[in-house]
>>> print(open('upload.cif').read())   # mmCIF, C-alpha atoms
data_coords
#
loop_
_atom_site.label_atom_id
_atom_site.label_comp_id
_atom_site.auth_asym_id
_atom_site.auth_seq_id
_atom_site.Cartn_x
_atom_site.Cartn_y
_atom_site.Cartn_z
CA MET Q 1 10.57 0.85 -15.92
CA SER Q 2 8.59 -0.40 -12.94
CA THR Q 3 9.00 1.33 -9.59
CA ALA Q 4 7.94 0.00 -6.17
CA TRP Q 5 7.66 1.91 -2.90
CA THR Q 6 7.14 0.36 0.53
CA LEU Q 7 5.80 1.68 3.78
CA THR Q 8 5.48 0.06 7.17
CA PHE Q 9 3.37 1.04 10.15
CA THR Q 10 1.66 -0.17 13.30
CA ALA Q 11 -2.08 -0.97 13.41
CA PRO Q 12 -4.06 -3.57 15.39
CA LEU Q 13 -5.63 -5.37 12.39
CA ARG Q 14 -6.58 -9.06 12.31
CA ASP Q 15 -7.42 -11.29 9.37
CA ALA Q 16 -10.55 -13.40 9.74
CA ALA Q 17 -10.03 -17.15 10.13
CA GLU Q 18 -11.48 -17.79 6.64
CA ASP Q 19 -9.00 -15.33 5.10
CA LEU Q 20 -6.08 -17.02 6.86
CA ALA Q 21 -7.35 -20.38 5.59
CA GLU Q 22 -7.47 -18.95 2.04
CA SER Q 23 -3.98 -17.44 2.26
CA VAL Q 24 -1.18 -19.14 0.36
CA ASN Q 25 1.42 -19.45 3.12
CA GLY Q 26 -0.66 -18.50 6.15
CA ILE Q 27 0.33 -14.86 5.59
CA ALA Q 28 -2.14 -12.22 6.77
CA GLY Q 29 -2.96 -9.04 4.86
CA ALA Q 30 -6.61 -9.39 3.81
CA ALA Q 31 -7.90 -7.18 6.65
CA LEU Q 32 -5.40 -4.49 5.68
CA GLN Q 33 -6.52 -4.63 2.04
CA GLN Q 34 -10.16 -4.46 3.13
CA ALA Q 35 -9.41 -1.42 5.28
CA LEU Q 36 -7.30 0.47 2.72
CA ARG Q 37 -9.32 -0.14 -0.46
CA PRO Q 38 -12.36 2.02 0.48
CA ALA Q 39 -10.15 4.87 1.67
CA LEU Q 40 -8.17 4.71 -1.58
CA ALA Q 41 -11.37 4.41 -3.65
CA GLU Q 42 -12.60 7.68 -2.10
CA ARG Q 43 -9.46 9.26 -3.56
CA GLY Q 44 -10.03 7.75 -7.03
CA TRP Q 45 -7.95 4.58 -6.80
CA GLY Q 46 -10.37 1.68 -7.48
CA PHE Q 47 -8.35 -1.43 -6.70
CA CYS Q 48 -9.95 -4.82 -7.49
CA GLU Q 49 -10.96 -7.38 -4.88
CA PRO Q 50 -7.83 -8.66 -3.13
CA PHE Q 51 -6.63 -12.22 -3.47
CA ALA Q 52 -4.02 -14.32 -1.68
CA GLU Q 53 -0.48 -14.52 -3.03
CA ASP Q 54 2.62 -16.22 -1.63
CA PHE Q 55 3.82 -12.91 -0.11
CA GLY Q 56 0.50 -11.80 1.42
CA TRP Q 57 -2.53 -10.23 -0.27
CA PHE Q 58 -2.64 -8.46 -3.64
CA SER Q 59 -4.94 -6.25 -5.69
CA ASP Q 60 -4.40 -4.05 -8.71
CA LEU Q 61 -6.03 -1.54 -10.99
CA ALA Q 62 -5.62 -0.26 -14.53
CA TYR Q 63 -4.54 3.39 -14.44
CA ASN Q 64 -5.47 5.37 -17.56
CA ASP Q 65 -2.46 7.35 -18.75
CA GLU Q 66 -3.53 9.28 -21.85
CA GLY Q 67 -5.46 6.31 -23.21
CA LYS Q 68 -2.90 3.68 -22.23
CA ARG Q 69 -3.71 1.22 -19.46
CA VAL Q 70 -0.93 0.98 -16.86
CA ALA Q 71 -1.02 -1.67 -14.13
CA VAL Q 72 -0.77 -0.38 -10.56
CA ALA Q 73 -0.26 -2.94 -7.79
CA LEU Q 74 -1.10 -2.92 -4.08
CA ALA Q 75 0.40 -5.69 -1.92
CA THR Q 76 -0.13 -6.08 1.82
CA GLY Q 77 1.26 -8.35 4.51
CA PRO Q 78 2.86 -8.36 7.93
CA GLU Q 79 6.31 -6.86 8.34
CA GLY Q 80 7.34 -10.00 10.22
CA GLU Q 81 5.40 -13.17 10.93
CA THR Q 82 1.64 -13.70 11.03
CA ARG Q 83 0.38 -14.49 14.52
CA PRO Q 84 -2.11 -17.34 15.08
CA ASP Q 85 -4.88 -14.76 15.75
CA GLY Q 86 -4.46 -13.33 12.22
CA GLY Q 87 -2.52 -10.26 13.32
CA ALA Q 88 0.99 -9.15 12.47
CA GLU Q 89 3.91 -9.61 14.82
CA ASP Q 90 4.09 -6.44 16.97
CA ASP Q 91 1.11 -5.16 14.90
CA ARG Q 92 3.64 -4.05 12.21
CA TRP Q 93 2.33 -4.13 8.62
CA ARG Q 94 3.93 -3.60 5.20
CA VAL Q 95 2.31 -2.15 2.08
CA VAL Q 96 3.99 -2.14 -1.34
CA ILE Q 97 2.76 -0.12 -4.31
CA SER Q 98 4.22 -0.41 -7.79
CA MET Q 99 3.69 1.13 -11.21
CA ASP Q 100 5.40 1.09 -14.60
CA LEU Q 101 6.69 4.65 -15.01
CA GLY Q 102 7.76 4.21 -18.62
CA MET Q 103 11.05 4.98 -20.34
CA PHE Q 104 10.53 8.31 -22.08
CA ALA Q 105 10.95 11.58 -20.17
CA LYS Q 106 7.40 12.95 -20.67
CA THR Q 107 5.76 9.64 -19.86
CA LYS Q 108 7.98 9.09 -16.84
CA ALA Q 109 7.30 12.60 -15.49
CA ARG Q 110 3.53 12.21 -15.91
CA ARG Q 111 3.38 8.75 -14.36
CA SER Q 112 5.80 9.68 -11.57
CA ALA Q 113 3.44 12.50 -10.60
CA ALA Q 114 0.51 10.06 -10.55
CA PHE Q 115 2.54 7.56 -8.52
CA GLY Q 116 3.43 10.32 -6.06
CA ARG Q 117 -0.29 11.14 -5.71
CA LEU Q 118 -1.00 7.46 -5.04
CA ALA Q 119 1.71 7.41 -2.36
CA GLY Q 120 0.25 10.52 -0.71
CA ASP Q 121 -3.24 9.02 -0.88
CA LEU Q 122 -1.96 5.73 0.57
CA HIS Q 123 -0.29 7.63 3.41
CA ALA Q 124 -3.59 9.43 4.11
CA ALA Q 125 -5.52 6.13 3.92
CA CYS Q 126 -3.15 4.56 6.45
CA LEU Q 127 -3.71 7.49 8.79
CA ALA Q 128 -7.49 7.14 8.26
CA ILE Q 129 -7.40 3.51 9.46
CA GLY Q 130 -5.43 4.50 12.57
CA ALA Q 131 -1.91 3.58 11.47
CA THR Q 132 0.93 4.99 13.56
CA GLY Q 133 4.69 4.97 13.17
CA ILE Q 134 4.48 5.19 9.38
CA VAL Q 135 7.87 4.80 7.73
CA TRP Q 136 8.54 5.00 3.98
CA GLU Q 137 11.51 2.80 3.16
CA GLU Q 138 14.37 3.47 0.73
CA GLY Q 139 13.00 4.67 -2.58
CA GLY Q 140 9.85 6.06 -0.99
CA PRO Q 141 8.15 9.32 -1.86
CA LEU Q 142 10.08 11.74 0.31
CA ALA Q 143 8.72 14.63 -1.75
CA VAL Q 144 5.11 13.64 -1.03
CA THR Q 145 3.50 15.92 1.50
CA PRO Q 146 1.04 13.97 3.67
CA PRO Q 147 -2.07 15.60 5.06
CA ALA Q 148 -1.28 18.20 7.68
CA GLY Q 149 -2.58 17.98 11.20
CA PRO Q 150 -1.58 16.87 14.65
CA GLU Q 151 -2.27 13.21 13.84
CA ALA Q 152 -0.19 13.16 10.62
CA ASP Q 153 3.02 11.13 10.63
CA PRO Q 154 5.42 12.69 8.09
CA PRO Q 155 7.15 10.29 5.68
CA GLN Q 156 10.50 9.09 6.98
CA LYS Q 157 13.44 7.47 5.23
CA ILE Q 158 15.32 4.49 6.63
CA VAL Q 159 19.04 5.12 6.22
#
>>> encode(input="upload.cif", output="structure tokens")
Amino acid sequence: MSTAWTLTFTAPLRDAAEDLAESVNGIAGAALQQALRPALAERGWGFCEPFAEDFGWFSDLAYNDEGKRVAVALATGPEGETRPDGGAEDDRWRVVISMDLGMFAKTKARRSAAFGRLAGDLHAACLAIGATGIVWEEGGPLAVTPPAGPEADPPQKIV
């Protein structure tokens, strides 16, 4: 059973002209991938080089769950339209993570915990790149505790 969580935030990122030219539908997201991947790698999440998709930019990794390889996806793009300068409308960005949590209780509990760690690490990575106004949408990790501190935006749920 695959699960996807989405967060949105504000950050003044811009895709390079060559990345926009490579994008499938002129959708930005490469700069966001390039900013998030090192911060996530520092926390043990080694996503592959991003590539353009019809919804934005995508990368993935193979998570080792007790010897089984589980695909984990990271997709990035603007919350609205891509501006001509490679930025997102109102500097609002969207990140989607997904993972197959499995069907059996033990597997689902183990993978859900790992997915929650990824969500917490993604939240911290967004803060590290200067993201503000972070909002986890419906289905997001409300139980994840982000890093404490005056600059931390707690996860929020859209109702």
>>> residues_around(input="upload.cif", residues="Q:Ala128", least_positions_apart="2", cutoff="10 Å", atoms="only C-alpha atoms", output="JSON, numbers by chain")
{"Q": [35, 36, 39, 122, 123, 124, 125, 126, 130, 131, 151, 152]}
>>> residues_around(input="upload.cif", residues="stretch 18-22 of chain Q", least_positions_apart="4", cutoff="9 Å", atoms="all atoms listed in the file", output="PyMOL selection string")
chain Q and resi 26-31+51-52+86
>>> atom_distance(input="upload.cif", atom1="atom CA of Q:Thr76", atom2="atom CA of Q:Arg110")
25.7 Å
>>> closest_residue(input="upload.cif", among="Q:Cys48, Q:Gly77, Q:Asp91, Q:Asp85", to="Q:Ala17", atoms="all atoms listed in the file")
Q:Asp85
>>> resolve_selection(input="upload.cif", expression="the PyMOL selection byres ((chain Q and resi 56-68) around 8)", output="PyMOL selection string")
chain Q and resi 23-25+27-30+33+45-55+69-78+111
>>> closest_residue(input="upload.cif", among="Q:Gly133, Q:Pro12, Q:Gly44, Q:Pro38", to="Q:Ala114", atoms="only C-alpha atoms")
Q:Gly44
>>> resolve_selection(input="upload.cif", expression="the PyMOL selection byres ((chain Q and resi 134) around 7)", output="ChimeraX atom specification")
/Q:7-9,131-133,135-136,153,155
>>> closest_residue(input="upload.cif", among="Q:Arg83, Q:Leu118, Q:Glu137, Q:Ala113", to="Q:Ser98", atoms="all atoms listed in the file")
Q:Leu118
>>> atom_distance(input="upload.cif", atom1="atom CA of Q:Asp100", atom2="atom CA of Q:Gly116")
12.7 Å
>>> atom_distance(input="upload.cif", atom1="atom CA of Q:Arg14", atom2="atom CA of Q:Trp93")
10.8 Å
>>> closest_residue(input="upload.cif", among="Q:Thr3, Q:Gly120, Q:Ala88, Q:Leu127", to="Q:Gly102", atoms="all atoms listed in the file")
Q:Thr3
>>> closest_residue(input="upload.cif", among="Q:Asp15, Q:Gln34, Q:Val95, Q:Ser2", to="Q:Thr82", atoms="only C-alpha atoms")
Q:Asp15
>>> closest_residue(input="upload.cif", among="Q:Ala41, Q:Ala11, Q:Val96, Q:Met103", to="Q:Ala119", atoms="only C-alpha atoms")
Q:Val96
>>> axis_aligned_box(input="upload.cif", around="stretch 48-54 of chain Q", padding_each_side="3 Å", output="lines of an AutoDock Vina configuration file")
center_x = -4.2
center_y = -10.5
center_z = -4.6
size_x = 19.6
size_y = 17.4
size_z = 11.9
